[in-house]
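Student: Shown below is the structure under consideration.
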Amino acid sequence: MTVLAAKAIRKSYGGREVVAGLDLELAAGECYGLLGPNGAGKTTTLRMLLGLVQPDAGEITLLGHPVPKAAREGRIRVGVVPQVDNLDPDFTVRENLVVYGRYFGLRERDMAERLPRLLEFATLESRADSRIQELSGGMKRRLVLARALVNDPELIFLDEPTTGLDPQARHQMWERLRLLLRQGKTILLTTHFMDEAERLCDRLKIIDRGRTLAEGAPHALIAEHIEPEVVEVYGEGVETWFEAQGKALANRAELHGETAFLYLRDPQAAIESLRAHGGRLRFMHRRGNLEDVFLKLTGRDMRE
Amino acid sequence: MRISRSWIAVWRRNYLVWKKLAAESVLGNIIEPLFYLVGFGMGIGAMVPEVQGVKYIAFLAGGTICYSTMLAASFEALYSGFARMHVQRTWEGILNAPVGLEDVVFAEWVWAASKSFLSGTAVLLVAIALGLGRSWTMALILPLAFLIGLTFAGLGLIMTALAKSYDFFMYWFTLALTPMMLLCGVFYPLQNMPGWLQALASALPLTHAIALGRPLLLGRWPEAPLVNIAVLAAYGAVVFLVALALLRKRLAT
């Protein structure tokens with residue numbers, strides 16, 4: 001069953017096309033990732049899918065409702081975790097949840113029933129009457145997630161849910177997202193963290209400049225675009241070694257600044273060459289991952 | 001445009017925040033006009049024994065009510081509204097729920113007018129406590145305070161829609177609200193001014209607010225109440241629609 005579908009959506013701002021004909025289809029129960037560098041069009045896409053921004057062209061169906069025409073009806077069963085925390089600083093944890101429930105027309109009685117479960121989900125039972133300023137970054141993020149669940153949504157939008165969190169808080173966040181997936185929720189996630197996407201997403205789409213560059217399951221994308229083994233080499237003399245030996249030992253190789261990247265099917269010869277080198281070269285041998293795919297497709301240039 | 005019932009949830013959100021600081025807020029609503037009336041009323045009242053047949057302090061009270069309600073709605077729509085729209089991103093959170101931008105803006109408009117209502121009530125109580133009016137017509141000042149609130153909240157929301165930061169609001173205060181306070185007859189009868197200034201003042205909403213508020217406080221009937229009400233209501237409705245259009249352009253494109 002399709003939970004969310006978008007066909008050839010487009011959006012321009014001042015003559016610059018931010019979203020340039022994207023297709024998207026989410027099946028019930030899957031975790032779908034939308035990946036792209038800054039300015040790739042991720043947030044604009046999310047805002048169009050929610051009916052908050054009018055697309056210039058294309059068709060969107062959100063939980064069976066045409067968007068933006070009937071976006072409100074669609075949003076009744078959608079939860080949103082925004083990129084920047086917008087919790088109400090004037091309210092306590094509990095009040096944040098209760099007040100947000102009212103925006104969905106939830107009755108006080110229903111909300112009172114849901115509240116303990118939401119607090120438990122966010123492990124904020126003991127902080128129910130704390131003010132927002134007293135919460136840590138991870139707590140705030142968990143509260144934003146709990147707030148997105150007040151209406152028991154079928155589909156949850158998460159815009160960079162773990163940006164700015166420490167590793168402990170990120171792992172806690174992932175645990176909760178997995179729990180939601182086990183409960184049968186559908187998730188649409190944007191992220192900068194490739195490990196996050198690789199861990200959580202069943203399928204993902206890499207976009208840049210508003211266009212799709214690749215789509216598929218994380219392991220399939222890695223297998224399709226990247227050799228299985230990667231050796232990263234850095235240190236004094238890396239350029240000389242790269243030109244003289246490294247380049248020839250790899251199936252594919254790149255030199256960026258002070259680091260050489262060797263993509264290989266069999267890393268043995270390269271590792272032996274590095275061990276024999278005896279200079280100040282240091283290296284790291286690892287498996288090809290989603291970040292390699294991402295950088296290969298979107299380039300290594302900085303995005304401002 | 002289709003305002004849905006969800007605007008009430010947004011209004012209640014603002015009300016709940018206000019309730020937490022209600023004591024301070026009400027105190028402010030009472031203290032400031034009290035000093036105004038006592039200070040100006042007695043200080044100037046000693047030199048000006050009577051205006052339009054009443055003591056100067058009683059004459060001033062009607063203007064002060066209108067001026068205070070104007071300020072209450074303006075502060076709410078400008079500073080608090082901008083905080084909720086831009087700084088705290090409260091609106092962004094609300095708009096992710098099944099609530100439309102028109103519901104949010106409508107709720108802000110009515111909420112700011114509600115603050116005017118509270119402010120008007122407070123000044124009215126001060127006026128009663130000072131023995132400045134006893135007629136039943138004073139009760140009509142309460143709906144008037146709400147109407148004045150709608151007018152100035154709408155104007156304030158336009159400024160909020162255009163603002164890049166809080167600093168921008170200084171223009172509105174120095175170029176619009178303060179001149180209105182000084183020109184629209186808060187402190188003296190408009191008839192004392194030259195004709196061209198009277199003509200200018202008659203185009204400003206505060207003039208019409210005072211044309212209603214002052215006689216009502218003094219137990220008299222306004223000269224042309226329907227004209228005054230129509231001007232305030234027309235201002236309110238038009239500026240609300242303009243504010244909504246500007247906010248839609250700012251937030252939903």
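Ordered as shown in the structure tokens, chains take letters A, B, and onward, while each chain numbers its residues from 1 and ligands are numbered from 1 in the order shown.
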Name the residues in contact with region 222-236 of chain B at a cut-off of 7 Å, using only C-alpha atoms, excluding same-chain residues fewer than 6 positions from it; report them as a list of chain:residue names.

Tutor: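 Near neighbours after the sequence-gap exclusion: B:Ile148, B:Leu150, B:Thr151, B:Gly154, B:Pro205, B:His208, B:Ala209, B:Ala211, B:Leu212, B:Pro215, B:Leu216.
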
Student: How about saving the chosen residues, N, CA and C atoms kept, as an mmCIF file, in the first residue's frame?

Tutor:
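Contents of again34.cif, as written:
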```
data_model
loop_
_atom_site.group_PDB
_atom_site.id
_atom_site.type_symbol
_atom_site.label_atom_id
_atom_site.label_comp_id
_atom_site.auth_asym_id
_atom_site.auth_seq_id
_atom_site.Cartn_x
_atom_site.Cartn_y
_atom_site.Cartn_z
ATOM 1 N N ILE B 148 -11.080 48.000 19.054
ATOM 2 C CA ILE B 148 -9.821 48.749 18.882
ATOM 3 C C ILE B 148 -8.668 47.756 18.763
ATOM 4 N N LEU B 150 -8.741 44.700 17.544
ATOM 5 C CA LEU B 150 -8.720 44.087 16.212
ATOM 6 C C LEU B 150 -8.061 45.018 15.199
ATOM 7 N N THR B 151 -8.393 46.299 15.290
ATOM 8 C CA THR B 151 -7.826 47.261 14.338
ATOM 9 C C THR B 151 -6.301 47.318 14.455
ATOM 10 N N GLY B 154 -4.367 44.010 13.709
ATOM 11 C CA GLY B 154 -4.220 43.787 12.264
ATOM 12 C C GLY B 154 -3.067 44.602 11.700
ATOM 13 N N PRO B 205 -7.249 55.729 12.876
ATOM 14 C CA PRO B 205 -8.202 54.930 13.651
ATOM 15 C C PRO B 205 -8.319 55.350 15.117
ATOM 16 N N HIS B 208 -11.122 57.760 15.903
ATOM 17 C CA HIS B 208 -12.468 57.183 15.949
ATOM 18 C C HIS B 208 -12.684 56.379 17.225
ATOM 19 N N ALA B 209 -11.609 55.744 17.695
ATOM 20 C CA ALA B 209 -11.717 55.022 18.963
ATOM 21 C C ALA B 209 -12.050 55.992 20.093
ATOM 22 N N ALA B 211 -13.377 58.981 19.802
ATOM 23 C CA ALA B 211 -14.704 59.576 19.588
ATOM 24 C C ALA B 211 -15.792 58.708 20.196
ATOM 25 N N LEU B 212 -15.508 57.410 20.332
ATOM 26 C CA LEU B 212 -16.469 56.510 20.972
ATOM 27 C C LEU B 212 -16.195 56.383 22.472
ATOM 28 N N PRO B 215 -16.895 59.804 25.223
ATOM 29 C CA PRO B 215 -18.267 60.051 25.686
ATOM 30 C C PRO B 215 -18.847 58.882 26.477
ATOM 31 N N LEU B 216 -18.529 57.633 26.058
ATOM 32 C CA LEU B 216 -19.089 56.487 26.769
ATOM 33 C C LEU B 216 -18.639 56.483 28.233
#
```

Student: Within 8 Å of chain A, which residues of chain B are there when counting only C-alpha atoms? Please give them as a list in words.

Tutor: Ser6, Ala9, Val10, Arg13, Val17, Gln88, Arg89, Thr90, Glu92, Gly93, Ile94, Leu95, Asn96, Ala97, Pro98, Val99, Gly100, Ala252 and Thr253 of chain B

Student: Within 10 Å of Leu119 (chain A), counting only C-alpha atoms, which residues show up once you throw out same-chain ones fewer than 4 positions away? Write them as a list in words, please.

Tutor: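 After dropping sequence-adjacent residues, the list is Val93, Arg94, Leu97, Arg114, Leu115, Thr123, Leu124, Glu125, Ser126, Arg127, Ala128, Arg142, Leu143, Ala146 and Arg147 of chain A.
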
Student: Please produce an output containing C-alpha atoms for each residue in the selection, written as a PDB file, in the first residue's frame.

Tutor:
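Result went into result.pdb, see below:
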```pdb
ATOM      1  CA  VAL A  93       7.045  18.981  29.045  1.00  0.00           C
ATOM      2  CA  ARG A  94       3.477  17.926  29.803  1.00  0.00           C
ATOM      3  CA  LEU A  97       2.245  17.589  24.620  1.00  0.00           C
ATOM      4  CA  ARG A 114      -2.180   9.098  25.865  1.00  0.00           C
ATOM      5  CA  LEU A 115       0.052  11.308  27.952  1.00  0.00           C
ATOM      6  CA  THR A 123      11.641   8.483  29.016  1.00  0.00           C
ATOM      7  CA  LEU A 124      10.595  11.827  30.451  1.00  0.00           C
ATOM      8  CA  GLU A 125       8.140  10.525  33.072  1.00  0.00           C
ATOM      9  CA  SER A 126      10.090  12.149  35.871  1.00  0.00           C
ATOM     10  CA  ARG A 127      10.449  15.409  33.933  1.00  0.00           C
ATOM     11  CA  ALA A 128       6.785  15.928  33.074  1.00  0.00           C
ATOM     12  CA  ARG A 142      12.913  12.870  22.405  1.00  0.00           C
ATOM     13  CA  LEU A 143      10.156  15.241  23.458  1.00  0.00           C
ATOM     14  CA  ALA A 146       6.900  12.212  21.393  1.00  0.00           C
ATOM     15  CA  ARG A 147       5.061  15.367  20.390  1.00  0.00           C
TER      16      ARG A 147
END
```

Student: Can you check which residues of region 153-236 of chain B DSSP gives as alpha helix (DSSP H) on the backbone and send them as an MDAnalysis selection string?

Tutor: chainID B and resid 153:162 169:172 178:183 195:201 205:217 225:236

Student: Just write the chosen residues, N, CA and C atoms, as a short mmCIF file (atom, residue, chain, number, x, y, z; two decimals), in the first residue's frame.

Tutor:
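Here's the written file again-v8.cif:
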```cif
data_model
loop_
_atom_site.label_atom_id
_atom_site.label_comp_id
_atom_site.auth_asym_id
_atom_site.auth_seq_id
_atom_site.Cartn_x
_atom_site.Cartn_y
_atom_site.Cartn_z
N ALA B 153 -4.26 45.27 16.16
CA ALA B 153 -3.61 43.97 16.01
C ALA B 153 -3.38 43.67 14.53
N GLY B 154 -4.37 44.01 13.71
CA GLY B 154 -4.22 43.79 12.26
C GLY B 154 -3.07 44.60 11.70
N LEU B 155 -3.01 45.89 12.10
CA LEU B 155 -1.91 46.74 11.65
C LEU B 155 -0.57 46.18 12.14
N GLY B 156 -0.57 45.74 13.40
CA GLY B 156 0.66 45.18 13.98
C GLY B 156 1.11 43.92 13.23
N LEU B 157 0.16 43.09 12.85
CA LEU B 157 0.52 41.86 12.15
C LEU B 157 1.13 42.15 10.78
N ILE B 158 0.70 43.26 10.17
CA ILE B 158 1.33 43.64 8.90
C ILE B 158 2.80 43.95 9.15
N MET B 159 3.07 44.71 10.22
CA MET B 159 4.47 45.04 10.54
C MET B 159 5.26 43.77 10.84
N THR B 160 4.64 42.85 11.57
CA THR B 160 5.31 41.59 11.90
C THR B 160 5.63 40.80 10.64
N ALA B 161 4.69 40.83 9.69
CA ALA B 161 4.91 40.10 8.44
C ALA B 161 6.10 40.67 7.67
N LEU B 162 6.36 41.98 7.86
CA LEU B 162 7.43 42.64 7.11
C LEU B 162 8.75 42.68 7.87
N PHE B 169 10.33 47.31 14.60
CA PHE B 169 9.10 47.79 15.21
C PHE B 169 9.23 49.22 15.74
N MET B 170 10.47 49.67 15.95
CA MET B 170 10.67 51.05 16.39
C MET B 170 10.05 52.02 15.39
N TYR B 171 10.13 51.70 14.09
CA TYR B 171 9.53 52.58 13.07
C TYR B 171 8.04 52.72 13.30
N TRP B 172 7.42 51.60 13.59
CA TRP B 172 5.97 51.61 13.79
C TRP B 172 5.60 52.47 15.00
N THR B 178 3.08 56.65 18.19
CA THR B 178 3.31 57.86 18.99
C THR B 178 2.65 59.08 18.34
N PRO B 179 2.81 59.30 17.03
CA PRO B 179 2.07 60.41 16.41
C PRO B 179 0.57 60.31 16.62
N MET B 180 0.03 59.10 16.55
CA MET B 180 -1.41 58.97 16.77
C MET B 180 -1.78 59.38 18.19
N MET B 181 -0.94 58.94 19.13
CA MET B 181 -1.21 59.30 20.52
C MET B 181 -1.24 60.82 20.68
N LEU B 182 -0.33 61.50 19.96
CA LEU B 182 -0.21 62.94 20.15
C LEU B 182 -1.21 63.73 19.31
N LEU B 183 -1.71 63.14 18.23
CA LEU B 183 -2.56 63.90 17.30
C LEU B 183 -4.04 63.57 17.39
N GLY B 195 -7.53 73.14 11.12
CA GLY B 195 -8.39 72.29 10.29
C GLY B 195 -7.66 71.16 9.57
N TRP B 196 -6.50 71.50 9.03
CA TRP B 196 -5.81 70.46 8.24
C TRP B 196 -5.36 69.31 9.14
N LEU B 197 -5.00 69.61 10.38
CA LEU B 197 -4.59 68.54 11.30
C LEU B 197 -5.79 67.72 11.74
N GLN B 198 -6.91 68.41 11.87
CA GLN B 198 -8.14 67.67 12.21
C GLN B 198 -8.51 66.71 11.10
N ALA B 199 -8.32 67.19 9.87
CA ALA B 199 -8.64 66.33 8.71
C ALA B 199 -7.74 65.11 8.69
N LEU B 200 -6.45 65.36 8.97
CA LEU B 200 -5.51 64.24 9.01
C LEU B 200 -5.90 63.26 10.12
N ALA B 201 -6.21 63.81 11.28
CA ALA B 201 -6.53 62.96 12.42
C ALA B 201 -7.79 62.12 12.15
N PRO B 205 -7.25 55.73 12.88
CA PRO B 205 -8.20 54.93 13.65
C PRO B 205 -8.32 55.35 15.12
N LEU B 206 -7.23 55.83 15.73
CA LEU B 206 -7.32 56.15 17.16
C LEU B 206 -8.32 57.29 17.40
N THR B 207 -8.43 58.22 16.43
CA THR B 207 -9.40 59.31 16.55
C THR B 207 -10.81 58.76 16.71
N HIS B 208 -11.12 57.76 15.90
CA HIS B 208 -12.47 57.18 15.95
C HIS B 208 -12.68 56.38 17.23
N ALA B 209 -11.61 55.74 17.70
CA ALA B 209 -11.72 55.02 18.96
C ALA B 209 -12.05 55.99 20.09
N ILE B 210 -11.36 57.14 20.10
CA ILE B 210 -11.57 58.11 21.17
C ILE B 210 -12.94 58.78 21.05
N ALA B 211 -13.38 58.98 19.80
CA ALA B 211 -14.70 59.58 19.59
C ALA B 211 -15.79 58.71 20.20
N LEU B 212 -15.51 57.41 20.33
CA LEU B 212 -16.47 56.51 20.97
C LEU B 212 -16.19 56.38 22.47
N GLY B 213 -14.94 56.18 22.81
CA GLY B 213 -14.58 55.84 24.20
C GLY B 213 -14.80 56.97 25.18
N ARG B 214 -14.45 58.18 24.76
CA ARG B 214 -14.53 59.30 25.72
C ARG B 214 -15.96 59.59 26.16
N PRO B 215 -16.90 59.80 25.22
CA PRO B 215 -18.27 60.05 25.69
C PRO B 215 -18.85 58.88 26.48
N LEU B 216 -18.53 57.63 26.06
CA LEU B 216 -19.09 56.49 26.77
C LEU B 216 -18.64 56.48 28.23
N LEU B 217 -17.39 56.87 28.46
CA LEU B 217 -16.89 56.90 29.83
C LEU B 217 -17.58 57.99 30.64
N PRO B 225 -21.74 57.38 16.26
CA PRO B 225 -21.15 56.09 16.62
C PRO B 225 -21.01 55.12 15.43
N LEU B 226 -21.99 55.14 14.55
CA LEU B 226 -21.94 54.17 13.45
C LEU B 226 -20.76 54.44 12.52
N VAL B 227 -20.50 55.75 12.30
CA VAL B 227 -19.36 56.09 11.44
C VAL B 227 -18.07 55.60 12.10
N ASN B 228 -17.92 55.90 13.39
CA ASN B 228 -16.70 55.49 14.11
C ASN B 228 -16.52 53.98 14.10
N ILE B 229 -17.61 53.26 14.38
CA ILE B 229 -17.53 51.80 14.40
C ILE B 229 -17.17 51.27 13.02
N ALA B 230 -17.82 51.86 12.00
CA ALA B 230 -17.56 51.40 10.63
C ALA B 230 -16.11 51.62 10.25
N VAL B 231 -15.56 52.78 10.63
CA VAL B 231 -14.15 53.05 10.27
C VAL B 231 -13.23 52.05 10.96
N LEU B 232 -13.45 51.83 12.27
CA LEU B 232 -12.59 50.88 13.00
C LEU B 232 -12.72 49.47 12.43
N ALA B 233 -13.95 49.05 12.16
CA ALA B 233 -14.17 47.70 11.65
C ALA B 233 -13.56 47.53 10.26
N ALA B 234 -13.72 48.58 9.42
CA ALA B 234 -13.18 48.49 8.07
C ALA B 234 -11.65 48.42 8.12
N TYR B 235 -11.04 49.28 8.95
CA TYR B 235 -9.60 49.21 9.14
C TYR B 235 -9.20 47.80 9.55
N GLY B 236 -9.88 47.29 10.57
CA GLY B 236 -9.55 45.97 11.11
C GLY B 236 -9.63 44.88 10.06
#
```

Student: Can you tell me which residues surround region 211-213 of chain A at a distance of at most 8 Å, considering only C-alpha atoms, apart from same-chain residues fewer than 2 positions away, and format the answer as a ChimeraX atom specification?

Tutor: /A:19-22,205-209,215,297
